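Chemist: Data file model_11.txt (compact mmCIF, C-alpha atoms) is appended below.
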# COMPACT_ATOMS: atom_id res chain seq x y z
CA MET A 1 0.00 0.00 0.00
CA LEU A 2 2.89 2.34 0.78
CA LEU A 3 4.23 1.69 -2.73
CA PHE A 4 0.95 2.80 -4.30
CA ASN A 5 0.74 5.88 -2.06
CA SER A 6 4.32 6.79 -2.97
CA PHE A 7 3.48 6.56 -6.66
CA ILE A 8 0.41 8.78 -6.30
CA PHE A 9 2.00 11.42 -4.03
CA CYS A 10 5.29 11.83 -5.91
CA GLY A 11 3.53 11.78 -9.26
CA PHE A 12 1.00 14.34 -8.05
CA ILE A 13 3.70 16.83 -7.01
CA CYS A 14 5.52 16.39 -10.32
CA MET A 15 2.26 16.86 -12.26
CA ILE A 16 1.35 20.05 -10.37
CA SER A 17 4.79 21.54 -10.99
CA GLN A 18 4.65 20.56 -14.67
CA ILE A 19 1.27 22.30 -15.04
CA VAL A 20 2.65 25.42 -13.31
CA LEU A 21 5.75 25.31 -15.53
CA ASP A 22 3.69 25.08 -18.72
CA ASN A 23 1.14 27.77 -17.89
CA THR A 24 3.28 30.46 -16.23
CA LYS A 25 6.63 32.09 -16.93
CA LEU A 26 8.32 30.43 -13.94
CA THR A 27 11.46 28.41 -14.64
CA PRO A 28 12.28 25.02 -13.03
CA GLY A 29 14.62 26.92 -10.67
CA HIS A 30 11.70 29.00 -9.37
CA ILE A 31 9.52 25.93 -8.93
CA THR A 32 12.10 23.90 -6.98
CA SER A 33 12.73 26.89 -4.68
CA ILE A 34 8.99 27.36 -4.11
CA LEU A 35 8.57 23.64 -3.36
CA VAL A 36 11.39 23.74 -0.79
CA VAL A 37 9.70 26.69 0.94
CA ILE A 38 6.36 24.80 0.90
CA GLY A 39 8.08 21.76 2.45
CA ALA A 40 9.58 23.87 5.24
CA PHE A 41 6.17 25.46 5.86
CA LEU A 42 4.39 22.10 6.03
CA ASP A 43 6.94 20.80 8.51
CA SER A 44 6.61 23.76 10.84
CA PHE A 45 3.15 22.54 11.90
CA SER A 46 3.97 18.80 11.68
CA ILE A 47 1.81 18.27 8.60
CA TYR A 48 4.69 16.77 6.61
CA ASP A 49 5.36 14.17 9.31
CA LYS A 50 1.79 12.93 8.93
CA ILE A 51 2.24 12.79 5.14
CA ILE A 52 5.42 10.71 5.59
CA LYS A 53 3.52 8.30 7.85
CA ILE A 54 0.83 7.80 5.20
CA VAL A 55 3.00 7.90 2.08
CA GLY A 56 6.32 6.46 3.24
CA GLY A 57 9.37 6.81 1.01
CA GLY A 58 7.46 8.60 -1.73
CA ALA A 59 7.36 11.72 0.47
CA MET A 60 11.13 11.64 0.96
CA VAL A 61 11.90 11.71 -2.78
CA PRO A 62 10.51 15.09 -3.99
CA ILE A 63 12.50 18.23 -3.25
CA THR A 64 9.85 19.27 -0.68
CA SER A 65 11.43 16.77 1.72
CA PHE A 66 14.62 18.87 1.62
CA GLY A 67 12.81 21.82 3.17
CA HIS A 68 11.06 19.46 5.58
CA SER A 69 14.38 17.97 6.79
CA LEU A 70 15.93 21.42 7.24
CA ALA A 71 13.07 22.65 9.43
CA HIS A 72 12.67 19.30 11.21
CA GLY A 73 16.34 19.08 12.24
CA ALA A 74 16.25 22.69 13.43
CA LEU A 75 13.13 22.05 15.54
CA LEU A 76 14.54 18.87 17.08
CA LYS A 77 17.58 20.74 18.40
CA THR A 78 15.43 23.41 20.03
CA ASN A 79 14.40 20.80 22.63
CA GLN A 80 17.93 20.75 23.97
CA TYR A 81 19.41 24.16 23.25
CA GLY A 82 16.44 26.53 22.93
CA LEU A 83 16.57 29.33 20.39
CA VAL A 84 20.19 28.66 19.36
CA GLY A 85 19.19 25.09 18.47
CA ILE A 86 17.57 26.39 15.26
CA LEU A 87 21.01 27.42 14.03
CA MET A 88 22.73 24.28 15.33
CA GLY A 89 20.37 21.69 13.92
CA MET A 90 19.58 23.20 10.53
CA PHE A 91 21.69 20.77 8.46
CA ASP A 92 21.43 17.77 10.81
CA LEU A 93 19.13 15.64 8.66
CA THR A 94 20.09 16.92 5.20
CA ALA A 95 23.86 16.69 5.78
CA SER A 96 24.02 13.24 4.17
CA GLY A 97 22.20 14.34 1.04
CA ILE A 98 24.14 17.57 0.51
CA THR A 99 27.50 15.91 1.26
CA ALA A 100 26.72 13.00 -1.06
CA ALA A 101 25.71 15.39 -3.84
CA ILE A 102 28.92 17.43 -3.42
CA ILE A 103 31.24 14.41 -3.26
CA PHE A 104 29.67 12.49 -6.15
CA SER A 105 29.41 15.51 -8.43
CA PHE A 106 33.05 16.48 -7.73
CA ILE A 107 34.36 12.96 -8.38
CA PHE A 108 32.33 12.57 -11.58
CA THR A 109 33.43 16.03 -12.73
CA LEU A 110 37.05 14.97 -12.35
CA ILE A 111 36.52 11.70 -14.19
CA PHE A 112 34.19 12.61 -17.06
CA LYS A 113 34.43 15.24 -19.79
CA PRO A 114 31.56 17.64 -20.54
CA LYS A 115 29.36 16.63 -23.46
CA ASN A 116 27.15 18.91 -25.45
CA MET B 117 23.53 52.16 -55.88
CA LYS B 118 21.55 52.65 -52.74
CA TYR B 119 19.26 49.88 -51.61
CA ILE B 120 16.02 51.26 -50.24
CA VAL B 121 13.76 49.20 -48.02
CA ASN B 122 10.28 50.05 -46.94
CA THR B 123 10.70 49.58 -43.21
CA ASN B 124 7.03 48.86 -42.61
CA THR B 125 6.78 45.94 -44.97
CA GLY B 126 10.27 44.85 -43.97
CA ASP B 127 9.25 44.64 -40.35
CA TYR B 128 6.05 42.94 -41.32
CA MET B 129 7.91 40.33 -43.32
CA LYS B 130 10.37 39.86 -40.48
CA ASN B 131 7.64 39.28 -37.93
CA TYR B 132 5.65 37.08 -40.25
CA LYS B 133 8.66 34.94 -41.10
CA TYR B 134 9.73 34.79 -37.48
CA GLU B 135 6.32 33.61 -36.36
CA THR B 136 6.03 30.89 -38.97
CA ILE B 137 9.55 29.65 -38.28
CA ALA B 138 9.01 29.77 -34.53
CA ASP B 139 5.77 27.83 -34.89
CA LYS B 140 7.51 25.27 -37.05
CA TYR B 141 10.47 24.61 -34.76
CA GLY B 142 9.07 25.62 -31.37
CA PRO B 143 8.19 23.09 -28.69
CA ASP B 144 5.01 21.13 -29.25
CA GLU B 145 2.24 22.39 -26.99
CA HIS B 146 0.88 19.23 -25.46
CA ARG B 147 0.24 20.44 -21.94
CA GLY B 148 -2.05 17.59 -20.98
CA MET B 149 0.42 15.06 -22.31
CA ASN B 150 3.29 16.76 -20.43
CA ALA B 151 1.31 16.59 -17.19
CA ILE B 152 0.53 12.89 -17.64
CA ILE B 153 4.16 12.05 -18.48
CA SER B 154 5.38 14.00 -15.44
CA PHE B 155 2.86 12.21 -13.25
CA LEU B 156 3.92 8.76 -14.44
CA VAL B 157 7.69 9.38 -14.33
CA GLY B 158 7.59 11.21 -10.99
CA GLY B 159 5.38 8.49 -9.59
CA LEU B 160 7.79 5.80 -10.77
CA ILE B 161 10.71 7.58 -9.07
CA GLY B 162 8.68 7.80 -5.84
CA LEU B 163 7.86 4.10 -6.20
CA LEU B 164 11.56 3.35 -6.73
CA GLY B 165 12.42 5.31 -3.55
CA GLU B 166 9.89 3.41 -1.46
CA GLY B 167 10.98 0.13 -3.07
CA ILE B 168 14.65 0.77 -2.20
CA ILE B 169 13.67 1.52 1.42
CA GLU B 170 11.68 -1.72 1.68
CA LEU B 171 14.47 -3.76 0.08
CA ILE B 172 17.06 -2.35 2.50
CA CYS B 173 14.74 -2.99 5.47
CA HIS B 174 14.06 -6.51 4.24
CA PHE B 175 17.65 -7.63 3.75
CA THR B 176 19.40 -5.78 6.59
CA ASN B 177 18.71 -4.72 10.14
CA ILE B 178 18.76 -1.02 9.36
CA SER B 179 15.86 1.06 10.71
CA ARG B 180 13.44 2.78 8.37
CA THR B 181 14.73 6.32 8.93
CA ASP B 182 18.31 5.26 8.21
CA ALA B 183 17.15 3.32 5.16
CA SER B 184 15.52 6.47 3.75
CA THR B 185 18.86 8.28 4.10
CA PHE B 186 20.56 5.49 2.13
CA MET B 187 17.80 5.66 -0.47
CA ILE B 188 18.41 9.39 -0.99
CA ILE B 189 22.16 8.78 -1.33
CA ILE B 190 21.54 6.01 -3.90
CA LEU B 191 19.21 8.24 -5.95
CA ILE B 192 21.75 11.10 -5.85
CA PHE B 193 24.49 8.70 -6.98
CA ILE B 194 22.43 7.43 -9.92
CA ALA B 195 21.44 10.96 -10.99
CA SER B 196 25.03 12.28 -10.79
CA LEU B 197 26.32 9.31 -12.79
CA CYS B 198 23.65 9.72 -15.48
CA THR B 199 24.43 13.46 -15.74
CA ALA B 200 28.17 12.80 -16.03
CA LEU B 201 27.59 10.15 -18.70
CA GLY B 202 25.59 12.72 -20.64
CA PHE B 203 22.14 11.22 -21.08
CA PHE B 204 20.31 12.91 -18.19
CA ASP B 205 19.64 15.99 -20.36
CA LYS B 206 17.86 13.84 -22.94
CA LEU B 207 15.71 12.39 -20.15
CA VAL B 208 14.89 15.93 -18.97
CA THR B 209 13.67 16.99 -22.42
CA LYS B 210 11.47 13.87 -22.54
CA PHE B 211 10.18 13.65 -18.99
CA LYS B 212 10.49 17.31 -17.88
CA CYS B 213 9.32 17.95 -14.32
CA GLY B 214 8.90 14.26 -13.58
CA ILE B 215 12.65 13.95 -13.24
CA LEU B 216 13.56 17.52 -12.14
CA ILE B 217 11.36 17.79 -9.06
CA PRO B 218 12.58 14.66 -7.21
CA ILE B 219 15.98 14.81 -5.49
CA THR B 220 17.53 13.63 -8.80
CA GLY B 221 17.07 17.16 -10.17
CA PHE B 222 19.12 18.60 -7.29
CA ALA B 223 22.04 16.23 -8.00
CA HIS B 224 21.70 16.88 -11.73
CA SER B 225 21.93 20.66 -11.31
CA MET B 226 25.14 20.37 -9.27
CA THR B 227 26.91 17.88 -11.55
CA SER B 228 25.89 19.60 -14.78
CA SER B 229 27.03 23.07 -13.67
CA ALA B 230 30.32 21.65 -12.37
CA LEU B 231 30.95 19.80 -15.64
CA GLU B 232 30.00 22.82 -17.73
CA TYR B 233 32.60 25.08 -16.13
CA LYS B 234 35.30 22.42 -15.74
CA ASN B 235 37.45 24.07 -18.43
CA GLU B 236 37.76 27.31 -16.42
CA GLY B 237 39.85 25.69 -13.73
CA PHE B 238 39.35 24.27 -10.28
CA ILE B 239 38.70 27.45 -8.30
CA TYR B 240 36.84 29.80 -10.65
CA GLY B 241 35.39 26.96 -12.71
CA ILE B 242 34.22 24.03 -10.62
CA GLY B 243 34.42 25.68 -7.20
CA ALA B 244 32.59 28.87 -8.09
CA ASN B 245 29.88 27.25 -10.19
CA ILE B 246 29.04 23.94 -8.53
CA PHE B 247 26.28 25.58 -6.44
CA LYS B 248 25.02 27.76 -9.26
CA LEU B 249 21.49 26.31 -9.34
CA ALA B 250 21.51 24.22 -6.17
CA GLY B 251 22.54 27.36 -4.27
CA SER B 252 19.10 28.92 -4.65
CA VAL B 253 17.46 25.76 -3.30
CA ILE B 254 19.79 25.73 -0.27
CA LEU B 255 19.49 29.49 0.33
CA TYR B 256 15.70 29.70 0.24
CA GLY B 257 15.38 26.37 2.02
CA VAL B 258 17.55 27.52 4.92
CA VAL B 259 15.98 30.98 5.15
CA SER B 260 12.40 29.67 5.07
CA ALA B 261 13.20 26.77 7.44
CA TRP B 262 14.80 29.22 9.89
CA PHE B 263 11.78 31.53 9.65
CA PHE B 264 9.14 28.83 10.10
CA ALA B 265 11.10 27.06 12.85
CA LEU B 266 11.40 30.40 14.67
CA ILE B 267 7.63 30.94 14.45
CA ARG B 268 6.98 27.39 15.69
CA PHE B 269 9.44 27.87 18.55
CA LEU B 270 7.89 31.17 19.60
CA LEU B 271 4.40 29.63 19.46
CA GLY B 272 5.38 27.03 22.02
CA GLY B 273 7.95 24.66 20.60
CA ILE B 274 7.74 21.16 19.24
Could I get this structure in the form of structure tokens?
Modeler:
Amino acid sequence: MLLFNSFIFCGFICMISQIVLDNTKLTPGHITSILVVIGAFLDSFSIYDKIIKIVGGGAMVPITSFGHSLAHGALLKTNQYGLVGILMGMFDLTASGITAAIIFSFIFTLIFKPKN
Amino acid sequence: MKYIVNTNTGDYMKNYKYETIADKYGPDEHRGMNAIISFLVGGLIGLLGEGIIELICHFTNISRTDASTFMIIILIFIASLCTALGFFDKLVTKFKCGILIPITGFAHSMTSSALEYKNEGFIYGIGANIFKLAGSVILYGVVSAWFFALIRFLLGGI
């Protein structure tokens, strides 16, 4: 059931952004930034956590989960350190993704040549 | 001998020609089709993500939250490799948002901008340009996450 929910949720987000891309002058860069902001907003009132419970891995795949992880890590640290915890925990959950993206893209850039 | 052009008709011809040529070679407007393709491809990537999580949980003793981290790393690896091999751009023209909105698009933007500026050297080429597109995602993500987390904290915490 989680597999089906993942398919529907992830496909739905992609479809909405494709419709927005086709009918407005926004570029893919605008849309990904907007989706990250929406993800951070949904996490701030724990809505995204409920979505993850229902949908499973499909909610972790779209770029909205990046904003969710940023806000979620920041909020978790506030339990321990108060207001400063927002600054300390910001990259806690997304560190693996960002580091992996940096390392892999740097290694592949060194190995491969650009193609047109 | 001087060559005299009637600017009005010249402009008219220019516009007319431009429009017909643009119509001929411009992108096909199949908005409904684009939406369906994005839905299917994005859905398949979400399905793949959930499938990877369930496979990892099934064969190892790793918890579900850790498995989702591994899943994201695997997807980023695949997307970076496809971009470096050069066929991710063809997939983007076919599948559009279906492949740009998942985390694969984030990895693609970093690898492609790093590869594009590789010739300009390590510092001002790769180093300065690797975050060219991903930088906006990180910037607005961090600023909005800070803002919303602050509001949540001031309203009474988690």
Chemist: At most 9 Å from (15.8, 21.6, 16.4), file frame, all atoms listed in the file: which residues, as an MDAnalysis selection string?
Modeler: (chainID A and resid 71:90 92) or (chainID B and resid 265 274)
Chemist: For the contact check between chain A and chain B, emit one row per residue of chain A within 7 Å, containing the shortest atom pair and the distance in Å rounded to one decimal, counting all atoms listed in the file, chain then rising number order, as CSV.
Modeler:
residue,atom,partner,partner_atom,distance
A:Leu3,CA,B:Leu163,CA,5.6
A:Ser6,CA,B:Gly162,CA,5.3
A:Phe7,CA,B:Gly159,CA,4.0
A:Ile8,CA,B:Gly159,CA,6.0
A:Cys10,CA,B:Gly159,CA,5.0
A:Gly11,CA,B:Gly159,CA,3.8
A:Phe12,CA,B:Phe155,CA,5.9
A:Cys14,CA,B:Gly214,CA,5.2
A:Met15,CA,B:Phe155,CA,4.8
A:Ser17,CA,B:Cys213,CA,6.7
A:Gln18,CA,B:Cys213,CA,5.4
A:Ile19,CA,B:Ala151,CA,6.1
A:Asp22,CA,B:Arg147,CA,6.6
A:Thr32,CA,B:Ile217,CA,6.5
A:Ser33,CA,B:Val253,CA,5.1
A:Val36,CA,B:Gly257,CA,5.5
A:Val37,CA,B:Ser260,CA,5.8
A:Ala40,CA,B:Ala261,CA,5.1
A:Phe41,CA,B:Phe264,CA,6.2
A:Ser44,CA,B:Phe264,CA,5.7
A:Gly56,CA,B:Glu166,CA,6.6
A:Gly57,CA,B:Glu166,CA,4.2
A:Gly58,CA,B:Gly162,CA,4.4
A:Val61,CA,B:Pro218,CA,5.4
A:Pro62,CA,B:Pro218,CA,3.9
A:Ile63,CA,B:Pro218,CA,5.3
A:Gly67,CA,B:Gly257,CA,5.4
A:Leu70,CA,B:Ala261,CA,6.0
A:Ala71,CA,B:Ala261,CA,4.6
A:Ala74,CA,B:Ala265,CA,6.8
A:Leu75,CA,B:Ala265,CA,6.0
A:Ile86,CA,B:Trp262,CA,6.7
A:Gly97,CA,B:Ile189,CA,6.0
A:Ala100,CA,B:Ile189,CA,6.2
A:Ala101,CA,B:Ala223,CA,5.6
A:Phe104,CA,B:Phe193,CA,6.5
A:Ser105,CA,B:Thr227,CA,4.6
A:Phe108,CA,B:Ala200,CA,6.1
A:Thr109,CA,B:Leu231,CA,5.4
A:Phe112,CA,B:Ala200,CA,6.1
A:Pro114,CA,B:Leu231,CA,5.4
A:Lys115,CA,B:Gly202,CA,6.1
Chemist: How far is it from atom CA of Leu21 of chain A to atom CA of Ile34 of chain A, in Å with one decimal?
Modeler: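 Going from atom CA of Leu21 of chain A over to atom CA of Ile34 of chain A covers 12.0 Å.
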Chemist: Could you work out how far atom CA of Ser179 of chain B lies from atom CA of Met1 of chain A, giving the answer in Å with one decimal?
Modeler: 19.2 Å
Chemist: Provide the atom CA of Asn245 of chain B to atom CA of Pro28 of chain A distance in Å, to one decimal place.
Modeler: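 We find that atom CA of Asn245 of chain B and atom CA of Pro28 of chain A lie 18.0 Å from each other.
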Chemist: Output segment 63-83 of chain A with N, CA and C atoms present, as a JSON list (two decimals), keeping the file's coordinate frame.
Modeler:
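Heads up, here's the output in result-v3.json:
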[["chain", "number", "residue", "atom", "x", "y", "z"],
["A", 63, "ILE", "N", 11.61, 17.23, -3.85],
["A", 63, "ILE", "CA", 12.50, 18.23, -3.25],
["A", 63, "ILE", "C", 11.85, 18.89, -2.03],
["A", 64, "THR", "N", 10.51, 18.74, -1.87],
["A", 64, "THR", "CA", 9.85, 19.27, -0.68],
["A", 64, "THR", "C", 10.43, 18.68, 0.60],
["A", 65, "SER", "N", 10.91, 17.41, 0.52],
["A", 65, "SER", "CA", 11.43, 16.77, 1.72],
["A", 65, "SER", "C", 12.73, 17.43, 2.18],
["A", 66, "PHE", "N", 13.41, 18.14, 1.24],
["A", 66, "PHE", "CA", 14.62, 18.87, 1.62],
["A", 66, "PHE", "C", 14.27, 19.99, 2.60],
["A", 67, "GLY", "N", 13.24, 20.77, 2.27],
["A", 67, "GLY", "CA", 12.81, 21.82, 3.17],
["A", 67, "GLY", "C", 12.29, 21.26, 4.48],
["A", 68, "HIS", "N", 11.57, 20.13, 4.38],
["A", 68, "HIS", "CA", 11.06, 19.46, 5.58],
["A", 68, "HIS", "C", 12.21, 19.05, 6.50],
["A", 69, "SER", "N", 13.28, 18.43, 5.94],
["A", 69, "SER", "CA", 14.38, 17.97, 6.79],
["A", 69, "SER", "C", 15.12, 19.13, 7.42],
["A", 70, "LEU", "N", 15.27, 20.24, 6.67],
["A", 70, "LEU", "CA", 15.93, 21.42, 7.24],
["A", 70, "LEU", "C", 15.18, 21.90, 8.48],
["A", 71, "ALA", "N", 13.86, 22.11, 8.31],
["A", 71, "ALA", "CA", 13.07, 22.65, 9.43],
["A", 71, "ALA", "C", 12.96, 21.63, 10.56],
["A", 72, "HIS", "N", 12.85, 20.33, 10.19],
["A", 72, "HIS", "CA", 12.67, 19.30, 11.21],
["A", 72, "HIS", "C", 13.90, 19.18, 12.10],
["A", 73, "GLY", "N", 15.10, 19.16, 11.46],
["A", 73, "GLY", "CA", 16.34, 19.08, 12.24],
["A", 73, "GLY", "C", 16.50, 20.28, 13.16],
["A", 74, "ALA", "N", 16.14, 21.48, 12.63],
["A", 74, "ALA", "CA", 16.25, 22.69, 13.43],
["A", 74, "ALA", "C", 15.33, 22.61, 14.64],
["A", 75, "LEU", "N", 14.08, 22.12, 14.43],
["A", 75, "LEU", "CA", 13.13, 22.05, 15.54],
["A", 75, "LEU", "C", 13.52, 21.01, 16.58],
["A", 76, "LEU", "N", 14.13, 19.90, 16.12],
["A", 76, "LEU", "CA", 14.54, 18.87, 17.08],
["A", 76, "LEU", "C", 15.59, 19.40, 18.05],
["A", 77, "LYS", "N", 16.51, 20.24, 17.53],
["A", 77, "LYS", "CA", 17.58, 20.74, 18.40],
["A", 77, "LYS", "C", 17.07, 21.76, 19.40],
["A", 78, "THR", "N", 15.93, 22.40, 19.10],
["A", 78, "THR", "CA", 15.43, 23.41, 20.03],
["A", 78, "THR", "C", 15.02, 22.78, 21.36],
["A", 79, "ASN", "N", 14.73, 21.46, 21.37],
["A", 79, "ASN", "CA", 14.40, 20.80, 22.63],
["A", 79, "ASN", "C", 15.54, 20.92, 23.63],
["A", 80, "GLN", "N", 16.76, 20.79, 23.11],
["A", 80, "GLN", "CA", 17.93, 20.75, 23.97],
["A", 80, "GLN", "C", 18.52, 22.13, 24.22],
["A", 81, "TYR", "N", 18.63, 22.94, 23.15],
["A", 81, "TYR", "CA", 19.41, 24.16, 23.25],
["A", 81, "TYR", "C", 18.58, 25.44, 23.15],
["A", 82, "GLY", "N", 17.25, 25.33, 23.03],
["A", 82, "GLY", "CA", 16.44, 26.53, 22.93],
["A", 82, "GLY", "C", 16.60, 27.22, 21.59],
["A", 83, "LEU", "N", 16.61, 28.54, 21.62],
["A", 83, "LEU", "CA", 16.57, 29.33, 20.39],
["A", 83, "LEU", "C", 17.79, 29.08, 19.51]]
